[in-house]
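Reviewing the structure listed below.
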Amino acid sequence: MRSFPPYRIQVVKQIPITTRAEREEALSAACYNMFDVPAGKVTIDLLTDSGTGAVSAAQEAAAAAADRSYAGSDSYYRFRSALDELTPYPHVFPVHQGRAAERVLFSSVLRPGRISLSNTHFDTTRANIELLGCEARDLPCVQARDLDSAEPFKGDIDLAGLERTLSGPDGPRVGQVLMTITNNGGGGQPVSMANLHAVRELCQRYRVPFFLDAARFAENAWLVTQREPGYRHLSPREVARQAFALADGCVASLKKDAIAPMGAFIGLRDAETAKRCEVNLIATEGFRTYGGLASHDLERVAQGLREVLEPDYLRSRAAETAHLARLVNEAGVDIVQPAGIHALYLNAGRLLPHIPPGGFPGHALACQLYLDGGIRCVELGSLYLGKFDAEHNLLEPAPFELVRVAIPRRTYTLAHLEYVADVLAGIAKNPERVPRYRVVDAPPLLRHFNLKMAQL
Ligand code: F0G
């Protein structure tokens, strides 16, 4: 039996339909930087699944009834009780988005010279650690190196590497272990509960705090129920609760799996760490019961946290992504296997072998999807991760040339996704016509947001 979304569409938003000439002009005016293309010139926007989900009538109803009191608002208590149903943390702080949670937590836990270990740090996470004078070190599991293998949990951390680091000369400098679920920087792959149990055990043995970056906790929980023996009989909520219970605390953007336009939270067991976070929070984000969020956003988050764990919702969302993955494969385009939920990662290096890493095949594919179909997505390859010299020449390519096609929650129908597959199939029929690109200007920090590129 096919799965279907457990909702119907009551409010819709028109999407821009553009001509090829308009898209060529928009992309060249943006210096081939997807972040500079106005959304009004994008037909299908697959740049991110963050803050782009469709809100429900129940979320909007709750938002309309929000309580704007400065301290201790009813909205805060509803937010808090949604999180108490899910996490065991006695200290919970709202913040305006995930990177604020990172900044507040890390500056309370780390000091210069410390190392953060992770399955893979997300880019803002890495930036927040490096800005504190610390090192963000990724230890993805070995299975993650083979993009084509069907291993179920390629988001896991390399446990042997983790233990080597904790017991080795760098051990005393390790300030935290941060597990990103699902592993966004690592192909959107899930993390197994077995891996989280083992990380907890190692962190306890070596007395290092263990945190989750739980931006996609519900999607990770769903994949655990589908792929990990011993968890099939549990609900996604039960698995998510078990995951949160393993850690000393978490940071979580709520723009993803709370299906809200804005929001995040910090959860902590340790009272001392919580006290330090609270001072920082009040000075920089807002009072502890709103933390930089408007009351209506606290309400949307509280309701979204309940909706996102509905098995019918998660089943149909996973099926949508799997459907797109099948069509993309049939069109002759490889993806990082097996498909996760929030995005597909297209193997642009393999699709465009005539473009060397220095011609940026991932960026070339992303630009072509826009030029041919008005579809926006973003490169995750040498442009994003490679090392450059002062003249903007690529010195060291990234290990893979990928494009992330993110799928906003409840926003596009299967017909939209089928259209994306059609445009991609058109490119795959005649890949040699895709041009290469060169960097015209690249700032040293957060390069991909401010790049200027040219077509060759
Ligand atoms: N951690 C992970 C794993 C993320 O994917 C993101 C954001 C953040 C932290 C930061 O959260 O945006 O609320 O400040 N990811 C978005 C993306 C931007 O497109 O993957 P934020």
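Order determines the names: the first chain of the structure tokens is A, the second B, and so forth; residues in each chain are numbered 1 upward, and ligands are numbered 1 upward as they are shown.
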Checklist entry - If you count only C-alpha atoms and all ligand atoms, which residues end up within 6 Å of ligand 1, as a PyMOL selection string? => result chain A and resi 48-50+97-99+122+124+180+184+213+215+253+255
Next on the checklist: Which residues are close to Phe265 in chain A, i.e. within 7 Å by only C-alpha atoms, leaving aside same-chain residues fewer than 4 positions away? Reply as a PyMOL selection string.
Outcome noted: chain A and resi 92-95+101+251-253
Can you write out the residues you just picked, keeping C-alpha atoms, as a PDB file, in the first residue's frame?
```pdb
ATOM      1  CA  VAL A  92      16.007  24.051  28.835  1.00  0.00           C
ATOM      2  CA  PHE A  93      16.567  27.414  27.126  1.00  0.00           C
ATOM      3  CA  PRO A  94      14.885  28.704  23.998  1.00  0.00           C
ATOM      4  CA  VAL A  95      17.143  30.527  21.514  1.00  0.00           C
ATOM      5  CA  ALA A 101      22.405  27.591  20.753  1.00  0.00           C
ATOM      6  CA  VAL A 251      21.635  21.919  20.914  1.00  0.00           C
ATOM      7  CA  ALA A 252      18.832  21.690  18.383  1.00  0.00           C
ATOM      8  CA  SER A 253      17.702  23.967  15.621  1.00  0.00           C
TER       9      SER A 253
END
```
Item to check | strand (DSSP E) positions in range 322-387 of chain A, given as a PyMOL selection string | outcome: chain A and resi 343-347+375-376+378-380+387
Checklist entry - Between A:Ala390, A:Ala30, A:Leu105, A:Ala240, which is the closest to Ala274 in chain A once you count only C-alpha atoms? => result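 Distance minimum relative to Ala274 in chain A lands on A:Leu105.
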Checklist entry - Can you tell me, as number ranges by chain, what residues are no more than 10 Å from range 375-384 of chain A when counting only C-alpha atoms, ignoring any on the same chain fewer than 6 positions away? => result A: 33-35, 37, 39, 41-48, 123, 185, 187, 345-349, 357-369, 394-407, 419-420, 423-424, 438-439, 442, 446-449, 451
Checklist entry - If you count only C-alpha atoms, which residues fall within 6 Å of range 111-119 of chain A, apart from same-chain ones fewer than 5 positions away, as a list of chain:residue names? => result A:Leu132, A:Gly133, A:Cys134, A:Glu135, A:Ala136, A:Arg137, A:Asp138, A:Leu139, A:Pro140, A:Ile157, A:Arg173, A:Val174, A:Gly175, A:Gln176, A:Val177, A:Leu178, A:Met179
For the residues in that selection, give me N, CA and C atoms as an mmCIF file, in the first residue's frame.
```cif
data_model
loop_
_atom_site.group_PDB
_atom_site.id
_atom_site.type_symbol
_atom_site.label_atom_id
_atom_site.label_comp_id
_atom_site.auth_asym_id
_atom_site.auth_seq_id
_atom_site.Cartn_x
_atom_site.Cartn_y
_atom_site.Cartn_z
ATOM 1 N N LEU A 132 35.937 30.333 18.854
ATOM 2 C CA LEU A 132 36.355 30.302 20.266
ATOM 3 C C LEU A 132 37.825 29.910 20.409
ATOM 4 N N GLY A 133 38.531 29.751 19.278
ATOM 5 C CA GLY A 133 39.941 29.354 19.338
ATOM 6 C C GLY A 133 40.094 27.860 19.596
ATOM 7 N N CYS A 134 39.078 27.084 19.259
ATOM 8 C CA CYS A 134 39.113 25.633 19.453
ATOM 9 C C CYS A 134 39.161 24.928 18.102
ATOM 10 N N GLU A 135 39.369 23.611 18.165
ATOM 11 C CA GLU A 135 39.445 22.819 16.928
ATOM 12 C C GLU A 135 38.211 21.921 16.820
ATOM 13 N N ALA A 136 37.593 21.909 15.639
ATOM 14 C CA ALA A 136 36.460 21.001 15.378
ATOM 15 C C ALA A 136 36.993 19.846 14.540
ATOM 16 N N ARG A 137 37.003 18.637 15.118
ATOM 17 C CA ARG A 137 37.590 17.499 14.409
ATOM 18 C C ARG A 137 36.504 16.470 14.086
ATOM 19 N N ASP A 138 36.369 16.165 12.794
ATOM 20 C CA ASP A 138 35.353 15.196 12.360
ATOM 21 C C ASP A 138 35.926 13.791 12.341
ATOM 22 N N LEU A 139 35.156 12.836 12.860
ATOM 23 C CA LEU A 139 35.576 11.433 12.848
ATOM 24 C C LEU A 139 34.454 10.572 12.247
ATOM 25 N N PRO A 140 34.140 10.763 10.945
ATOM 26 C CA PRO A 140 33.070 9.941 10.365
ATOM 27 C C PRO A 140 33.489 8.475 10.307
ATOM 28 N N ILE A 157 29.722 7.798 14.143
ATOM 29 C CA ILE A 157 31.096 8.243 14.377
ATOM 30 C C ILE A 157 32.001 7.010 14.349
ATOM 31 N N ARG A 173 42.777 17.359 25.926
ATOM 32 C CA ARG A 173 42.286 18.618 25.321
ATOM 33 C C ARG A 173 40.854 18.502 24.783
ATOM 34 N N VAL A 174 40.293 17.291 24.805
ATOM 35 C CA VAL A 174 38.944 17.135 24.236
ATOM 36 C C VAL A 174 37.921 17.740 25.197
ATOM 37 N N GLY A 175 37.199 18.735 24.715
ATOM 38 C CA GLY A 175 36.251 19.454 25.575
ATOM 39 C C GLY A 175 34.828 18.959 25.449
ATOM 40 N N GLN A 176 34.515 18.286 24.328
ATOM 41 C CA GLN A 176 33.157 17.771 24.149
ATOM 42 C C GLN A 176 33.136 16.793 22.977
ATOM 43 N N VAL A 177 32.136 15.908 23.009
ATOM 44 C CA VAL A 177 31.822 15.083 21.839
ATOM 45 C C VAL A 177 30.414 15.477 21.422
ATOM 46 N N LEU A 178 30.265 15.776 20.137
ATOM 47 C CA LEU A 178 28.988 16.282 19.621
ATOM 48 C C LEU A 178 28.524 15.359 18.495
ATOM 49 N N MET A 179 27.388 14.704 18.702
ATOM 50 C CA MET A 179 26.881 13.804 17.656
ATOM 51 C C MET A 179 25.746 14.492 16.902
#
```
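Comparing the minimum interatomic distances between Leu223 in chain A and each of A:Leu131, A:Ala245, A:Ala63, A:Leu314, counting only C-alpha atoms, we find that A:Leu314 sits nearest.
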Next on the checklist: So that I can check the secondary structure, give me every residue of range 232-441 of chain A assigned alpha helix (DSSP H) by backbone DSSP, as JSON, numbers by chain.
Outcome noted: {"A": [236, 237, 238, 239, 240, 241, 242, 243, 244, 245, 246, 271, 272, 273, 274, 275, 276, 277, 278, 279, 280, 281, 282, 283, 284, 295, 296, 297, 298, 299, 300, 301, 302, 303, 304, 305, 306, 307, 311, 312, 313, 314, 315, 316, 317, 318, 319, 320, 321, 322, 323, 324, 325, 326, 327, 328, 329, 330, 348, 349, 350, 351, 361, 362, 363, 364, 365, 366, 367, 368, 369, 370, 371, 372, 373, 382, 383, 384, 385, 414, 415, 416, 417, 418, 419, 420, 421, 422, 423, 424, 425, 426, 427, 428, 429]}
Within 6 Å of range 299-313 of chain A, which residues of range 65-98 of chain A show up? Give each one with its shortest atom-to-atom distance in Å (one decimal) and the two atoms involved, counting only C-alpha atoms, rows by chain then rising residue number, as CSV.
```
residue,atom,partner,partner_atom,distance
A:Ser75,CA,A:Glu299,CA,5.8
A:Phe79,CA,A:Ala302,CA,4.6
A:Ala82,CA,A:Ala302,CA,5.3
```
Could the residues of range 134-165 of chain A that have an atom at most 8 Å from range 190-209 of chain A be listed as CSV, each with its closest atom pair and the distance in Å to one decimal, counting only C-alpha atoms and ordered by chain and ascending residue number?
```
residue,atom,partner,partner_atom,distance
A:Pro152,CA,A:Pro190,CA,7.7
A:Phe153,CA,A:Pro190,CA,5.4
A:Lys154,CA,A:Pro190,CA,6.6
A:Gly155,CA,A:Val191,CA,4.8
A:Asp156,CA,A:Val191,CA,4.7
A:Ile157,CA,A:Asn195,CA,7.1
A:Leu159,CA,A:Val199,CA,7.2
A:Glu163,CA,A:Leu202,CA,6.9
```
Would you save the residues from that selection as an mmCIF file, in the first residue's frame, using C-alpha atoms?
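The result, stored in result_4.cif:
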```
data_model
loop_
_atom_site.group_PDB
_atom_site.id
_atom_site.type_symbol
_atom_site.label_atom_id
_atom_site.label_comp_id
_atom_site.auth_asym_id
_atom_site.auth_seq_id
_atom_site.Cartn_x
_atom_site.Cartn_y
_atom_site.Cartn_z
ATOM 1 C CA PRO A 152 22.246 1.620 7.009
ATOM 2 C CA PHE A 153 24.081 3.953 9.443
ATOM 3 C CA LYS A 154 26.759 5.835 7.553
ATOM 4 C CA GLY A 155 26.191 8.804 9.878
ATOM 5 C CA ASP A 156 27.892 6.988 12.778
ATOM 6 C CA ILE A 157 31.096 8.243 14.377
ATOM 7 C CA LEU A 159 34.302 4.569 17.499
ATOM 8 C CA GLU A 163 38.629 5.999 21.585
#
```
Next on the checklist: Using only C-alpha atoms, which protein or nucleic acid residues come within 7 Å of Leu456 in chain A? Drop anything in the same chain fewer than 4 positions from it, and give the result as a ChimeraX atom specification.
Outcome noted: /A:435-438
Next on the checklist: Quick check, in Å to one decimal: how far apart do CA of Trp222 in chain A and CA of Ala264 in chain A lie?
Outcome noted: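 Answer for the CA of Trp222 in chain A to CA of Ala264 in chain A separation: 20.6 Å.
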Item to check | CA of Leu110 in chain A to CA of Cys277 in chain A, distance in Å rounded to a single decimal | outcome: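 Interatomic distance, CA of Leu110 in chain A to CA of Cys277 in chain A: 11.9 Å.
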